[in-house]
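S.K.: final05.txt is reproduced in full below (compact mmCIF, C-alpha atoms).
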# COMPACT_ATOMS: atom_id res chain seq x y z
CA ARG A 532 -24.36 -6.04 210.78
CA ALA A 533 -24.55 -5.07 214.30
CA ILE A 534 -27.10 -3.35 216.44
CA GLY A 535 -26.23 -1.52 219.59
CA VAL A 536 -27.14 1.42 221.69
CA VAL A 537 -26.13 3.48 218.71
CA ALA A 538 -28.19 2.40 215.74
CA GLY A 539 -26.48 2.41 212.42
CA LEU A 540 -27.79 1.49 208.97
CA ALA A 541 -25.47 0.06 206.39
CA ALA A 542 -26.66 -1.61 203.24
CA ALA A 543 -23.45 -3.24 202.19
CA ALA A 544 -22.23 -5.49 205.00
CA LEU A 545 -24.34 -7.88 207.06
CA VAL A 546 -23.44 -10.11 209.96
CA ALA A 547 -23.29 -13.82 209.13
CA ALA A 548 -26.27 -15.87 210.24
CA CYS A 549 -25.91 -17.54 213.58
CA ARG A 550 -28.22 -19.30 215.94
CA GLY A 551 -29.58 -16.77 218.45
CA PRO A 552 -30.50 -17.32 222.08
CA SER A 553 -33.53 -19.45 222.84
CA ALA A 554 -36.83 -17.57 222.72
CA ALA A 555 -37.58 -18.93 226.16
CA MET A 556 -34.62 -17.15 227.71
CA PHE A 557 -35.01 -13.99 229.72
CA ALA A 558 -32.49 -11.59 231.18
CA SER A 559 -32.73 -8.68 233.57
CA THR A 560 -31.06 -5.31 233.70
CA THR A 561 -28.75 -4.26 236.50
CA ALA A 562 -28.10 -1.04 238.37
CA GLY A 563 -26.62 1.78 236.33
CA ASN A 564 -26.96 2.88 232.72
CA GLY A 565 -24.95 2.33 229.58
CA THR A 566 -25.33 3.28 225.94
CA MET A 567 -26.50 0.96 223.20
CA ALA A 568 -25.62 1.88 219.61
CA VAL A 569 -27.03 0.34 216.45
CA GLN A 570 -25.48 0.28 212.97
CA LEU A 571 -26.83 -1.23 209.76
CA THR A 572 -24.80 -2.91 207.02
CA ASP A 573 -25.35 -5.31 204.13
CA ALA A 574 -23.48 -8.20 202.58
CA PRO A 575 -22.61 -7.76 198.89
CA PHE A 576 -25.58 -8.33 196.58
CA THR A 577 -24.43 -10.44 193.64
CA THR A 578 -27.21 -9.57 191.18
CA ASP A 579 -25.52 -7.44 188.51
CA SER A 580 -28.80 -6.02 187.20
CA VAL A 581 -29.67 -4.23 190.45
CA LYS A 582 -28.79 -0.55 190.93
CA SER A 583 -30.23 0.05 194.40
CA VAL A 584 -32.22 -1.69 197.15
CA ASP A 585 -34.14 0.97 199.05
CA VAL A 586 -35.74 -0.15 202.31
CA PHE A 587 -37.72 2.39 204.33
CA VAL A 588 -36.52 1.94 207.91
CA ILE A 589 -38.83 3.35 210.54
CA ARG A 590 -37.02 2.30 213.71
CA VAL A 591 -35.04 -0.37 215.53
CA ASP A 592 -36.23 -1.70 218.89
CA ALA A 593 -34.74 -3.84 221.65
CA ARG A 594 -35.97 -5.55 224.78
CA VAL A 595 -34.58 -7.66 227.60
CA ALA A 596 -36.64 -10.76 226.77
CA ASP A 597 -35.99 -12.70 223.59
CA ALA A 598 -38.52 -12.42 220.75
CA ASP A 599 -39.66 -14.70 217.97
CA SER A 600 -41.02 -13.55 214.62
CA LEU A 601 -44.55 -13.24 216.02
CA ASN A 602 -43.35 -11.04 218.92
CA ALA A 603 -41.38 -8.88 216.51
CA ALA A 604 -44.46 -8.30 214.36
CA GLN A 605 -46.73 -7.31 217.25
CA GLY A 606 -47.14 -3.56 217.62
CA ALA A 607 -45.21 -2.80 214.41
CA THR A 608 -47.95 -0.43 213.28
CA ASP A 609 -47.71 1.53 216.53
CA ASP A 610 -45.57 4.67 216.65
CA SER A 611 -44.55 3.78 220.18
CA ALA A 612 -42.37 0.80 221.10
CA SER A 613 -43.32 1.00 224.77
CA THR A 614 -45.58 -2.07 224.67
CA GLY A 615 -44.36 -5.62 225.12
CA GLY A 616 -41.17 -4.48 226.84
CA TRP A 617 -39.76 -2.90 223.66
CA MET A 618 -37.73 0.31 223.65
CA THR A 619 -36.69 2.28 220.58
CA LEU A 620 -32.94 2.63 220.05
CA GLY A 621 -33.13 4.65 216.86
CA ALA A 622 -35.81 5.99 214.51
CA PRO A 623 -34.31 7.12 211.20
CA ASN A 624 -37.73 7.06 209.49
CA ALA A 625 -35.96 7.21 206.14
CA SER A 626 -35.31 5.27 202.95
CA VAL A 627 -31.94 3.50 203.01
CA ASN A 628 -30.13 2.17 199.94
CA LEU A 629 -28.66 -1.00 201.41
CA LEU A 630 -26.19 -1.38 198.58
CA ALA A 631 -24.50 1.84 199.70
CA PHE A 632 -23.41 0.14 202.92
CA GLN A 633 -21.29 -2.77 201.81
CA ASN A 634 -17.68 -3.78 202.29
CA GLY A 635 -17.49 -2.52 205.87
CA ALA A 636 -19.56 0.64 205.45
CA ALA A 637 -22.35 1.16 207.97
CA MET A 638 -25.09 3.66 208.71
CA ILE A 639 -25.87 4.80 212.25
CA LEU A 640 -29.49 4.18 213.14
CA GLY A 641 -29.36 5.80 216.54
CA ALA A 642 -28.14 5.57 220.10
CA LYS A 643 -29.87 5.54 223.44
CA THR A 644 -29.03 5.36 227.14
CA VAL A 645 -30.53 2.16 228.50
CA PRO A 646 -30.35 0.25 231.80
CA ALA A 647 -27.21 -1.88 232.04
CA GLY A 648 -27.88 -5.57 231.56
CA THR A 649 -28.41 -8.27 228.94
CA TYR A 650 -30.71 -7.80 225.94
CA LEU A 651 -32.01 -10.73 223.92
CA GLY A 652 -34.71 -9.29 221.66
CA PHE A 653 -34.16 -6.96 218.67
CA ARG A 654 -36.39 -6.04 215.75
CA LEU A 655 -36.37 -3.74 212.73
CA ILE A 656 -39.56 -1.92 211.75
CA ILE A 657 -39.82 -1.17 208.02
CA ASP A 658 -42.51 0.19 205.69
CA PRO A 659 -42.83 -2.13 202.65
CA THR A 660 -45.11 0.35 200.86
CA ARG A 661 -42.21 2.82 200.69
CA SER A 662 -39.52 0.25 199.85
CA SER A 663 -38.34 -0.67 196.35
CA VAL A 664 -35.61 -2.17 194.16
CA THR A 665 -34.28 -0.20 191.16
CA LEU A 666 -32.69 -2.09 188.28
CA LYS A 667 -29.80 -0.72 186.25
CA ASN A 668 -32.13 -0.26 183.26
CA GLY A 669 -34.21 2.18 185.31
CA THR A 670 -37.07 -0.20 186.15
CA VAL A 671 -38.39 0.29 189.69
CA LEU A 672 -39.91 -2.72 191.44
CA SER A 673 -42.27 -2.13 194.36
CA GLY A 674 -45.24 -3.81 195.95
CA THR A 675 -47.57 -2.33 193.33
CA SER A 676 -45.41 -2.39 190.17
CA ALA A 677 -45.50 -4.94 187.36
CA PRO A 678 -43.39 -6.98 187.78
CA SER A 679 -43.49 -6.47 191.53
CA ILE A 680 -41.90 -7.33 194.85
CA MET A 681 -44.10 -9.56 196.98
CA PHE A 682 -43.99 -7.69 200.30
CA PRO A 683 -46.11 -8.38 203.40
CA SER A 684 -49.52 -6.78 203.02
CA ALA A 685 -49.20 -4.59 206.11
CA SER A 686 -47.97 -1.00 205.80
CA ARG A 687 -45.42 -1.78 208.51
CA SER A 688 -43.51 -4.97 209.22
CA GLY A 689 -41.66 -5.91 212.38
CA ILE A 690 -38.75 -8.17 211.49
CA LYS A 691 -36.90 -10.26 214.08
CA ILE A 692 -33.16 -9.66 214.18
CA VAL A 693 -31.25 -12.86 214.89
CA LEU A 694 -28.38 -12.38 217.36
CA THR A 695 -25.09 -14.23 217.25
CA LYS A 696 -25.13 -13.93 221.03
CA ALA A 697 -26.88 -11.91 223.74
CA VAL A 698 -26.03 -8.19 223.87
CA THR A 699 -24.66 -7.03 227.23
CA VAL A 700 -24.65 -3.34 228.11
CA THR A 701 -22.16 -2.27 230.79
CA THR A 702 -22.58 0.76 233.07
CA ASP A 703 -21.06 3.94 231.60
CA GLN A 704 -19.93 2.07 228.47
CA THR A 705 -21.18 2.12 224.87
CA THR A 706 -22.14 -1.19 223.30
CA THR A 707 -22.46 -1.08 219.51
CA VAL A 708 -24.65 -3.60 217.73
CA LEU A 709 -24.10 -4.15 214.01
CA VAL A 710 -27.21 -5.20 212.11
CA ASP A 711 -26.67 -7.14 208.92
CA PHE A 712 -29.55 -6.83 206.45
CA MET A 713 -28.76 -9.71 204.15
CA VAL A 714 -30.01 -8.42 200.81
CA GLY A 715 -28.99 -11.47 198.80
CA SER A 716 -31.17 -13.70 201.01
CA SER A 717 -33.95 -11.17 201.62
CA PHE A 718 -34.84 -10.52 197.98
CA VAL A 719 -35.30 -13.74 196.03
CA MET A 720 -35.98 -13.97 192.28
CA ARG A 721 -39.40 -15.43 191.48
CA GLY A 722 -38.22 -16.73 188.12
CA ASN A 723 -35.23 -16.64 185.82
CA SER A 724 -35.35 -12.85 185.40
CA ILE A 725 -35.96 -10.05 187.92
CA SER A 726 -37.13 -7.68 185.19
CA GLN A 727 -39.75 -10.18 184.01
CA ASN A 728 -40.84 -12.03 187.15
CA GLY A 729 -40.01 -9.69 190.03
CA LEU A 730 -38.85 -10.55 193.54
CA LEU A 731 -40.07 -12.15 196.75
CA PHE A 732 -39.22 -10.39 200.03
CA THR A 733 -38.06 -12.92 202.63
CA PRO A 734 -36.23 -10.77 205.22
CA VAL A 735 -33.08 -12.21 206.77
CA ILE A 736 -31.42 -9.94 209.34
CA HIS A 737 -28.63 -10.83 211.78
CA ALA A 738 -26.77 -8.81 214.36
CA SER A 739 -23.63 -9.01 216.46
CA VAL A 740 -21.73 -6.82 218.89
CA LYS A 741 -19.21 -4.75 217.00
Just give me the structure of the file as structure tokens.

M.R.:
Amino acid sequence: RAIGVVAGLAAAALVAACRGPSAAMFASTTAGNGTMAVQLTDAPFTTDSVKSVDVFVIRVDARVADADSLNAAQGATDDSASTGGWMTLGAPNASVNLLAFQNGAAMILGAKTVPAGTYLGFRLIIDPTRSSVTLKNGTVLSGTSAPSIMFPSASRSGIKIVLTKAVTVTTDQTTTVLVDFMVGSSFVMRGNSISQNGLLFTPVIHASVK
């Protein structure tokens, strides 16, 4: 569950939730460049009836200034992360089965050379319309199935990644951030049975320096 200059996606292990820096905080970069790597992981999903949780990840962005959920959502539909101080660290633009990245496994989202300094804002851009949950009986739940997953209405969603602490990039060094997509908290049953009542998508994503 860490995001860094090198972006990595892992559906199995996620970083534990921690209180991130205040949204009012700002940091500046310093002379020189370093590399930031990002990896994605997921904490074990305890629902025995689920075969796969496939989230379509478009990209992961970072910026020097902290961001709240509203900031993270702004510009999510744009192919460029150049507005609002955001920069793209990785753009897998692919469907990721989060359950394949548990128990320490992680997927690399990307890596980028960035100015050395402290980074407080991170977000994950996903496409809910291309995301789904497949049950072990073969049933596929999506935003349009019955039963369904209640996703945000937009074709793209910018989700704030909560940091355990600020990410500092050092000149000529690689800083790896592990992003933890907490499946068990992000997909909540709407009733007593997933196959009958479906799921509610309430994204919970944390990150820490690996």

S.K.: Near Asn628 of chain A, counting all atoms listed in the file, which residues have an atom at most 8 Å away, once you skip same-chain residues fewer than 5 positions from it, shown as a count of residues only?

M.R.: 5

S.K.: Identify which of the residues A:Ser717, A:Thr572, A:Ser673, A:Thr644 lies closest to Gln704 of chain A, counting only C-alpha atoms when measuring atom-to-atom distances.

M.R.: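 Result for the nearest residue to Gln704 of chain A: A:Thr644.
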
S.K.: Would you mind telling me which residue in A:Ile690, A:Ala593, A:Val581, A:Val700 lies nearest to Met720 of chain A when using all atoms listed in the file?

M.R.: A:Val581

S.K.: What does the distance from atom CA of Ser724 of chain A to atom CA of Thr675 of chain A come to in Å, to one decimal?

M.R.: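 Answer for the atom CA of Ser724 of chain A to atom CA of Thr675 of chain A separation: 18.0 Å.
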
S.K.: Check the smallest atom-to-atom distance from each of A:Pro646, A:Gly615, A:Pro678, A:Pro683 to Ser726 of chain A using only C-alpha atoms, then report the winner.

M.R.: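 Comparing A:Pro646, A:Gly615, A:Pro678, A:Pro683 against Ser726 of chain A, the winner is A:Pro678.
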
S.K.: Calculate how many Å separate atom CA of Val588 of chain A from atom CA of Val627 of chain A, rounding to one decimal.

M.R.: 6.9 Å

S.K.: Within 9 Å of (-39.5, -0.6, 211.7) (file coordinates; all atoms listed in the file), which protein or nucleic acid residues are there? I'd like them as a ChimeraX atom specification.

M.R.: /A:587-592,607-608,622,624,654-658,687-690

S.K.: Return the single residue from A:Gln605, A:Asn668, A:Thr707, A:Asn723 that is closest to Trp617 of chain A, with distances computed using only C-alpha atoms.

M.R.: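 Of A:Gln605, A:Asn668, A:Thr707, A:Asn723, the one nearest Trp617 of chain A, counting only C-alpha atoms, is A:Gln605.
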
S.K.: Could you tell me how far atom CA of Tyr650 of chain A lies from atom CA of Gly606 of chain A, in Å and to one decimal?

M.R.: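 That distance, rounded to one decimal, is 18.9 Å.
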
S.K.: Compare A:Ile639, A:Ala625, A:Ile736, A:Leu601 by their minimum atom-to-atom distance to Thr695 of chain A, counting all atoms listed in the file, and give me the closest one.

M.R.: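 Of the candidates, the smallest distance to Thr695 of chain A is held by A:Ile736.
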
S.K.: Which residues come within 12 Å of Thr701 of chain A, counting all atoms listed in the file, excluding same-chain residues fewer than 4 positions away, as a list in words?

M.R.: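 These residues fall inside the cut-off: Gly535, Val536, Thr560, Thr561, Ala562, Gly563, Asn564, Gly565, Thr566, Met567, Thr644, Val645, Pro646, Ala647, Gly648, Thr649, Tyr650, Thr705, Thr706 and Thr707 of chain A.
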
S.K.: Measuring between all atoms listed in the file, which one of A:Ile725, A:Ala636, A:Val698, A:Val714 shows the shortest distance to Arg594 of chain A?

M.R.: A:Val698
